[in-house]
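The structure under discussion appears below in the form of structure tokens.
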Amino acid sequence: MRREQHIRRLVDYARQGNAKTFIIGAASAIITGTLVQYVSQYELVVLGIGFLGVVPLAVREWRLGTIRASFNDNATYQRLVRLPFWLTLCGLVMLYTLLGWYDSGSTGPSFFIGFTALCIVMFGLQRVFDRVILKLEPDYITDRELHRELK
């Protein structure tokens, strides 16, 4: 299987799940945004509902990793293609940790510094991941290339 076939399989999967992912993500964001204003005693429930917005993203990352894993039998490559899924989950946990820290009232302006650092680190890790995996598998399709193909 070569690069064009890889792109075709990934694009087919991405197009297939876009509508469902968007609907679930938007619905959970709207519900969470609405409930946050009115619920102060059960904030964990509201955060749990907000987590539903990330579930489609995590499922998508896992499925794309499964498809990408079928492109190469190298054991290192097999482990690396799952890394975006784990980065997504770790980013979510760190975000909720920051939100809990902010909610405790002890953060002050340092919350925004932490949030900015989280965003920069996640962006940087994605770039490093792309470089490492492209050295191992030159035909690897990055998320940027996949998004370009979807347009």
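Chain identifiers are assigned as A, B, and so on, following the order in which chains appear in the structure tokens; residues are numbered from 1 within each chain, and ligands are numbered from 1 in order of appearance.
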
Fill in: Residue neighbourhood stretch 132-134 of chain A, 12 Å, only C-alpha atoms, exclusion window fewer than 3 positions, as a list in words
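Non-adjacent residues within range: Arg68, Ala69, Asn72, Asn74, Thr76, Tyr77, Gln78, Arg79, Leu80, Val81, Arg82, Leu83, Pro84, Leu125, Gln126, Arg127, Val128, Phe129, Glu137, Pro138, Asp139, Tyr140, Ile141 and Thr142 of chain A.
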
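By chain and then residue number, the residues within 12 Å of A:Leu57 are Ala14, Gly17, Asn18, Lys20, Thr21, Phe22, Ile23, Ile24, Gly25, Phe51, Arg63, Leu64, Pro84, Phe85, Trp86, Leu87, Thr88, Leu89, Gly91 and Leu92 of chain A, counting only C-alpha atoms and disregarding those fewer than 6 positions away in sequence.
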
Worksheet item: Skipping near chain neighbours, those fewer than 4 positions away, what residues fall within 12 Å of A:Arg8 using only C-alpha atoms, listed as a ChimeraX atom specification?
Response: /A:1-4,12-15,67-68,141,145-146,149-150

Item to complete: List every residue of chain A that DSSP, applied to the backbone, labels as helix (DSSP H, G or I), and write the result as an MDAnalysis selection string.
Response: chainID A and resid 3:38 43:51 55:69 75:80 83:103 110:136 143:150

Discussion item. Considering only C-alpha atoms, can you say which of A:Arg144, A:Ala27, A:Thr66, A:Ile113 comes closest to A:Arg9?
Written reply: A:Thr66

Practice prompt. To one decimal in Å, tell me the separation between atom CA of A:Val93 and atom CA of A:Arg60.
Written response: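 Taking atom CA of A:Val93 as the start and atom CA of A:Arg60 as the end point, the length is 17.8 Å.
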
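Straight-line separation from atom CA of A:Leu99 to atom CA of A:Phe123: 19.4 Å.
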